[in-house]
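See below for input.cif, which holds mmCIF, C-alpha atoms.
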```cif
data_target
loop_
_atom_site.label_atom_id
_atom_site.label_comp_id
_atom_site.auth_asym_id
_atom_site.auth_seq_id
_atom_site.Cartn_x
_atom_site.Cartn_y
_atom_site.Cartn_z
CA MET A 1 -39.39 -1.94 31.30
CA SER A 2 -36.14 -3.61 32.35
CA LEU A 3 -33.82 -6.31 31.11
CA ARG A 4 -35.18 -9.45 32.75
CA SER A 5 -32.78 -12.18 33.88
CA ILE A 6 -33.36 -15.84 32.92
CA GLU A 7 -32.22 -18.63 35.25
CA SER A 8 -32.31 -21.69 32.95
CA TYR A 9 -32.80 -22.98 29.41
CA THR A 10 -36.30 -24.16 30.37
CA GLU A 11 -37.22 -20.68 31.61
CA LEU A 12 -35.81 -19.19 28.41
CA GLN A 13 -38.05 -21.41 26.26
CA LYS A 14 -41.10 -20.29 28.26
CA SER A 15 -40.17 -16.61 27.91
CA LEU A 16 -40.10 -16.59 24.08
CA ASP A 17 -43.04 -14.77 22.48
CA ASN A 18 -44.16 -17.03 19.62
CA ASN A 19 -45.56 -14.13 17.57
CA ASN A 20 -42.58 -11.77 17.63
CA ARG A 21 -38.81 -11.45 17.52
CA ASN A 22 -37.04 -12.27 20.76
CA PHE A 23 -33.53 -11.40 21.90
CA VAL A 24 -31.37 -13.12 24.52
CA LEU A 25 -28.18 -11.45 25.75
CA LEU A 26 -25.57 -13.95 26.91
CA TYR A 27 -23.02 -12.07 28.98
CA LYS A 28 -20.58 -12.39 31.87
CA LYS A 29 -21.16 -9.81 34.57
CA GLY A 30 -17.99 -7.88 35.36
CA SER A 31 -16.43 -8.35 31.92
CA GLU A 32 -15.84 -5.00 30.19
CA ASN A 33 -17.35 -6.03 26.82
CA SER A 34 -20.28 -7.82 28.44
CA ASP A 35 -21.07 -4.87 30.72
CA CYS A 36 -20.83 -2.56 27.69
CA SER A 37 -23.38 -4.64 25.77
CA TYR A 38 -25.67 -5.06 28.79
CA ASN A 39 -25.64 -1.32 29.62
CA ASN A 40 -26.28 -0.26 26.00
CA ILE A 41 -29.27 -2.63 25.73
CA VAL A 42 -30.64 -1.34 29.07
CA GLN A 43 -30.37 2.25 27.70
CA VAL A 44 -32.42 1.28 24.63
CA ILE A 45 -35.07 -0.45 26.74
CA LYS A 46 -35.28 2.59 29.05
CA SER A 47 -35.82 4.80 25.99
CA GLY A 48 -39.15 3.04 25.50
CA VAL A 49 -38.47 0.43 22.83
CA GLU A 50 -40.96 -2.36 23.61
CA VAL A 51 -39.26 -5.61 22.61
CA ASN A 52 -38.75 -8.95 24.34
CA VAL A 53 -35.12 -8.99 25.54
CA VAL A 54 -33.86 -11.21 28.36
CA SER A 55 -30.39 -11.74 29.77
CA VAL A 56 -28.39 -14.76 30.87
CA ASP A 57 -25.24 -14.41 33.00
CA VAL A 58 -23.12 -17.35 31.80
CA SER A 59 -20.97 -17.27 34.95
CA THR A 60 -23.97 -18.55 36.96
CA ILE A 61 -26.29 -20.08 34.32
CA ARG A 62 -24.48 -22.85 32.46
CA ASP A 63 -27.04 -24.51 30.19
CA VAL A 64 -28.20 -21.78 27.77
CA HIS A 65 -24.94 -20.96 25.95
CA MET A 66 -24.22 -24.68 25.44
CA GLU A 67 -27.61 -25.17 23.73
CA TYR A 68 -26.63 -22.61 21.09
CA ASN A 69 -22.89 -23.42 20.85
CA VAL A 70 -21.88 -19.96 22.09
CA THR A 71 -18.20 -19.89 23.04
CA SER A 72 -17.69 -16.15 23.65
CA VAL A 73 -19.69 -13.41 25.29
CA PRO A 74 -21.31 -11.00 24.93
CA THR A 75 -23.49 -12.63 22.30
CA LEU A 76 -27.02 -11.62 21.42
CA LEU A 77 -29.23 -14.52 20.28
CA VAL A 78 -31.97 -13.54 17.83
CA PHE A 79 -35.17 -15.60 17.61
CA LYS A 80 -38.19 -15.39 15.36
CA GLY A 81 -40.86 -16.66 17.71
CA ASN A 82 -39.22 -19.66 19.39
CA LYS A 83 -37.04 -20.46 16.35
CA PHE A 84 -33.38 -19.53 16.73
CA GLU A 85 -32.17 -17.38 13.78
CA ARG A 86 -28.68 -15.99 14.41
CA THR A 87 -26.13 -14.54 16.81
CA ILE A 88 -24.68 -11.05 17.08
CA LYS A 89 -21.30 -11.03 18.82
CA GLY A 90 -19.56 -8.34 20.82
CA CYS A 91 -20.59 -5.00 22.24
CA ASN A 92 -22.46 -2.70 19.88
CA ASP A 93 -23.46 0.88 20.57
CA ASP A 94 -26.97 1.71 21.74
CA GLY A 95 -27.86 3.10 18.29
CA TYR A 96 -27.18 -0.31 16.74
CA TYR A 97 -29.36 -2.10 19.32
CA LYS A 98 -32.12 0.48 18.94
CA SER A 99 -32.17 0.01 15.15
CA LEU A 100 -32.13 -3.75 15.56
CA PHE A 101 -35.01 -3.77 18.05
CA GLU A 102 -37.10 -1.19 16.16
CA SER A 103 -36.52 -3.13 12.96
CA ALA A 104 -37.79 -6.26 14.72
CA LEU A 105 -40.92 -4.42 15.86
CA PHE A 106 -41.54 -3.06 12.36
CA SER A 107 -40.94 -6.51 10.83
CA ALA A 108 -43.45 -8.04 13.22
CA LYS A 109 -46.09 -5.53 12.09
CA GLN A 110 -45.23 -6.18 8.43
CA SER A 111 -45.36 -9.96 8.83
CA ASN A 112 -48.88 -9.62 10.19
CA VAL A 113 -49.91 -8.18 6.80
CA GLY A 114 -48.07 -10.97 4.97
CA LYS A 115 -45.23 -8.99 3.38
CA GLN A 116 -41.88 -10.73 2.96
CA GLN A 117 -38.88 -8.41 2.83
CA LYS A 118 -35.17 -8.92 2.32
CA ARG A 119 -32.82 -7.87 5.13
CA VAL A 120 -31.73 -4.25 4.61
CA THR A 121 -28.79 -2.50 6.30
CA VAL A 122 -27.93 1.12 5.53
CA TYR A 123 -24.36 2.29 6.11
CA SER A 124 -24.35 6.03 6.68
CA THR A 125 -22.93 9.05 8.52
CA PRO A 126 -24.86 11.84 10.29
CA THR A 127 -23.69 14.54 7.83
CA CYS A 128 -24.55 12.64 4.62
CA SER A 129 -27.53 14.21 2.81
CA TRP A 130 -27.84 11.28 0.36
CA CYS A 131 -28.03 8.93 3.35
CA THR A 132 -31.04 10.90 4.62
CA THR A 133 -32.63 10.79 1.16
CA LEU A 134 -32.11 7.02 0.99
CA LYS A 135 -33.53 6.41 4.50
CA ASN A 136 -36.56 8.60 3.75
CA HIS A 137 -37.15 6.66 0.52
CA LEU A 138 -37.09 3.36 2.45
CA LYS A 139 -39.39 4.70 5.20
CA ASN A 140 -41.85 6.17 2.67
CA ASN A 141 -42.11 2.76 1.03
CA GLY A 142 -42.58 0.84 4.29
CA ILE A 143 -39.17 -0.83 4.12
CA THR A 144 -37.67 -1.75 7.47
CA TYR A 145 -33.91 -1.42 7.80
CA SER A 146 -31.14 -1.31 10.33
CA GLU A 147 -28.64 1.52 10.19
CA ILE A 148 -24.93 1.53 10.94
CA ASP A 149 -23.17 4.85 11.46
CA VAL A 150 -19.73 4.13 10.00
CA SER A 151 -18.31 7.33 11.52
CA LYS A 152 -18.72 5.70 14.95
CA ASP A 153 -18.07 2.05 14.07
CA GLN A 154 -14.61 1.49 12.51
CA LYS A 155 -15.10 -2.27 12.25
CA ALA A 156 -18.34 -1.82 10.30
CA ALA A 157 -16.68 0.79 8.07
CA GLU A 158 -13.86 -1.64 7.25
CA ASN A 159 -16.35 -4.45 6.58
CA MET A 160 -18.37 -2.17 4.28
CA ARG A 161 -15.22 -1.10 2.40
CA ARG A 162 -14.05 -4.72 2.06
CA ARG A 163 -17.41 -5.88 0.69
CA SER A 164 -18.05 -3.08 -1.81
CA GLY A 165 -14.56 -1.80 -2.57
CA GLN A 166 -15.86 1.72 -1.83
CA GLN A 167 -15.71 3.88 1.27
CA GLY A 168 -18.33 6.52 0.40
CA VAL A 169 -21.82 6.49 1.90
CA PRO A 170 -24.63 5.74 1.62
CA GLN A 171 -24.22 2.05 0.98
CA THR A 172 -27.01 -0.43 1.36
CA ASP A 173 -26.82 -4.16 1.97
CA ILE A 174 -30.01 -5.68 0.54
CA GLY A 175 -30.16 -9.40 1.19
CA GLY A 176 -26.37 -9.64 0.94
CA GLN A 177 -25.98 -7.46 -2.18
CA MET A 178 -24.15 -4.15 -1.68
CA ILE A 179 -25.52 -1.03 -3.42
CA VAL A 180 -23.19 1.99 -3.45
CA GLY A 181 -24.87 5.41 -3.35
CA PHE A 182 -28.58 6.13 -3.73
CA ASP A 183 -29.20 3.97 -6.80
CA LYS A 184 -33.00 4.25 -6.70
CA ILE A 185 -33.62 1.99 -9.70
CA LYS A 186 -31.52 -0.86 -8.33
CA ILE A 187 -32.87 -0.45 -4.76
CA ASN A 188 -36.48 -0.41 -6.02
CA ALA A 189 -35.86 -3.53 -8.12
CA LEU A 190 -34.28 -5.48 -5.26
CA LEU A 191 -37.03 -4.49 -2.80
CA ASN A 192 -39.98 -4.73 -5.24
CA ILE A 193 -40.85 -1.05 -4.78
CA GLN A 194 -43.27 0.09 -7.50
#
```

Can the structure from this file be put into structure tokens for me?
Amino acid sequence: MSLRSIESYTELQKSLDNNNRNFVLLYKKGSENSDCSYNNIVQVIKSGVEVNVVSVDVSTIRDVHMEYNVTSVPTLLVFKGNKFERTIKGCNDDGYYKSLFESALFSAKQSNVGKQQKRVTVYSTPTCSWCTTLKNHLKNNGITYSEIDVSKDQKAAENMRRRSGQQGVPQTDIGGQMIVGFDKIKINALLNIQ
């Protein structure tokens, strides 16, 4: 599977899978940040993650970014079916994209069974045993989440610290509410885990 290029807004609309999440990378070939984002997404796709991701080079295709008011690239557009949801700006590491795409696949499976779940992001580090415990708890209860390794992403670490006032991990963002540590009771309550 490769990162397919889209040549127009019309072609983009036709490429969206109405039953799943779709991702559109707006980038400018030759720009360091854009090439970073493009290459990291290609790595994730090559690893076997089956998700609908297409690319648009804004230096040659001029109509797509204007439709979504995108003024800087790289920007990843996220769609639920053909409905635009949000943008993710800048270059992220391949681990971030992998979590995002796998989360989308898991969400698609969950939505087929009718479950509605809040957005969950786990801030962790590779050496944190409580982070592993938290992630296992979420997995065991069928909760999809994206993970951010704050040891590799300084910006995310600063954002986490600013939002919670704490720098320790794990921290979990559940629908916009920050939970510091593995507070099982609070996590279960927010995610309706019995």

Point to revise | Result set, the PyMOL selection byres ((chain A and resi 68) around 10) on current file, as a PyMOL selection string | key: chain A and resi 63-67+69-71+77+84+86-87

Export C-alpha atoms of the chosen residues as a tab-separated table (two decimals), keeping the file's coordinate frame?
```
chain	number	residue	atom	x	y	z
A	63	ASP	CA	-27.04	-24.51	30.19
A	64	VAL	CA	-28.20	-21.78	27.77
A	65	HIS	CA	-24.94	-20.96	25.95
A	66	MET	CA	-24.22	-24.68	25.44
A	67	GLU	CA	-27.61	-25.17	23.73
A	69	ASN	CA	-22.89	-23.42	20.85
A	70	VAL	CA	-21.88	-19.96	22.09
A	71	THR	CA	-18.20	-19.89	23.04
A	77	LEU	CA	-29.23	-14.52	20.28
A	84	PHE	CA	-33.38	-19.53	16.73
A	86	ARG	CA	-28.68	-15.99	14.41
A	87	THR	CA	-26.13	-14.54	16.81
```

Review point. Given the choices A:Cys131, A:Leu76, A:Ile88, A:Leu3, which gets closest to Val54 in chain A if the distance is worked out from only C-alpha atoms?
Key: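 Nearest candidate to Val54 in chain A out of A:Cys131, A:Leu76, A:Ile88, A:Leu3: A:Leu3.
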
Reference answer for the PyMOL selection byres ((chain A and resi 43) around 12), as an mmCIF file with C-alpha atoms, keeping the file's coordinate frame:
```cif
data_model
loop_
_atom_site.group_PDB
_atom_site.id
_atom_site.type_symbol
_atom_site.label_atom_id
_atom_site.label_comp_id
_atom_site.auth_asym_id
_atom_site.auth_seq_id
_atom_site.Cartn_x
_atom_site.Cartn_y
_atom_site.Cartn_z
ATOM 1 C CA MET A 1 -39.390 -1.940 31.300
ATOM 2 C CA SER A 2 -36.140 -3.610 32.350
ATOM 3 C CA LEU A 3 -33.820 -6.310 31.110
ATOM 4 C CA CYS A 36 -20.830 -2.560 27.690
ATOM 5 C CA SER A 37 -23.380 -4.640 25.770
ATOM 6 C CA TYR A 38 -25.670 -5.060 28.790
ATOM 7 C CA ASN A 39 -25.640 -1.320 29.620
ATOM 8 C CA ASN A 40 -26.280 -0.260 26.000
ATOM 9 C CA ILE A 41 -29.270 -2.630 25.730
ATOM 10 C CA VAL A 42 -30.640 -1.340 29.070
ATOM 11 C CA VAL A 44 -32.420 1.280 24.630
ATOM 12 C CA ILE A 45 -35.070 -0.450 26.740
ATOM 13 C CA LYS A 46 -35.280 2.590 29.050
ATOM 14 C CA SER A 47 -35.820 4.800 25.990
ATOM 15 C CA GLY A 48 -39.150 3.040 25.500
ATOM 16 C CA VAL A 49 -38.470 0.430 22.830
ATOM 17 C CA ASP A 93 -23.460 0.880 20.570
ATOM 18 C CA ASP A 94 -26.970 1.710 21.740
ATOM 19 C CA GLY A 95 -27.860 3.100 18.290
ATOM 20 C CA TYR A 96 -27.180 -0.310 16.740
ATOM 21 C CA TYR A 97 -29.360 -2.100 19.320
ATOM 22 C CA LYS A 98 -32.120 0.480 18.940
#
```

Check your understanding: Excluding same-chain residues fewer than 5 positions from Phe182 in chain A, what lies within 9 Å of it counting all atoms listed in the file, as an MDAnalysis selection string?
Key -> chainID A and resid 130:131 133:134 169:172 187

Check your understanding: Suppose you want the space between CA of Ile174 in chain A and CA of Arg162 in chain A; what is it in Å?
Key ->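 Rounded to one decimal, the two atoms are 16.1 Å apart.
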
Exercise for review: Would you work out the distance separating CA of Leu16 in chain A from CA of Gly81 in chain A, expressed in Å to one decimal?
Suggested key: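 Straight-line distance from CA of Leu16 in chain A to CA of Gly81 in chain A works out to 6.4 Å.
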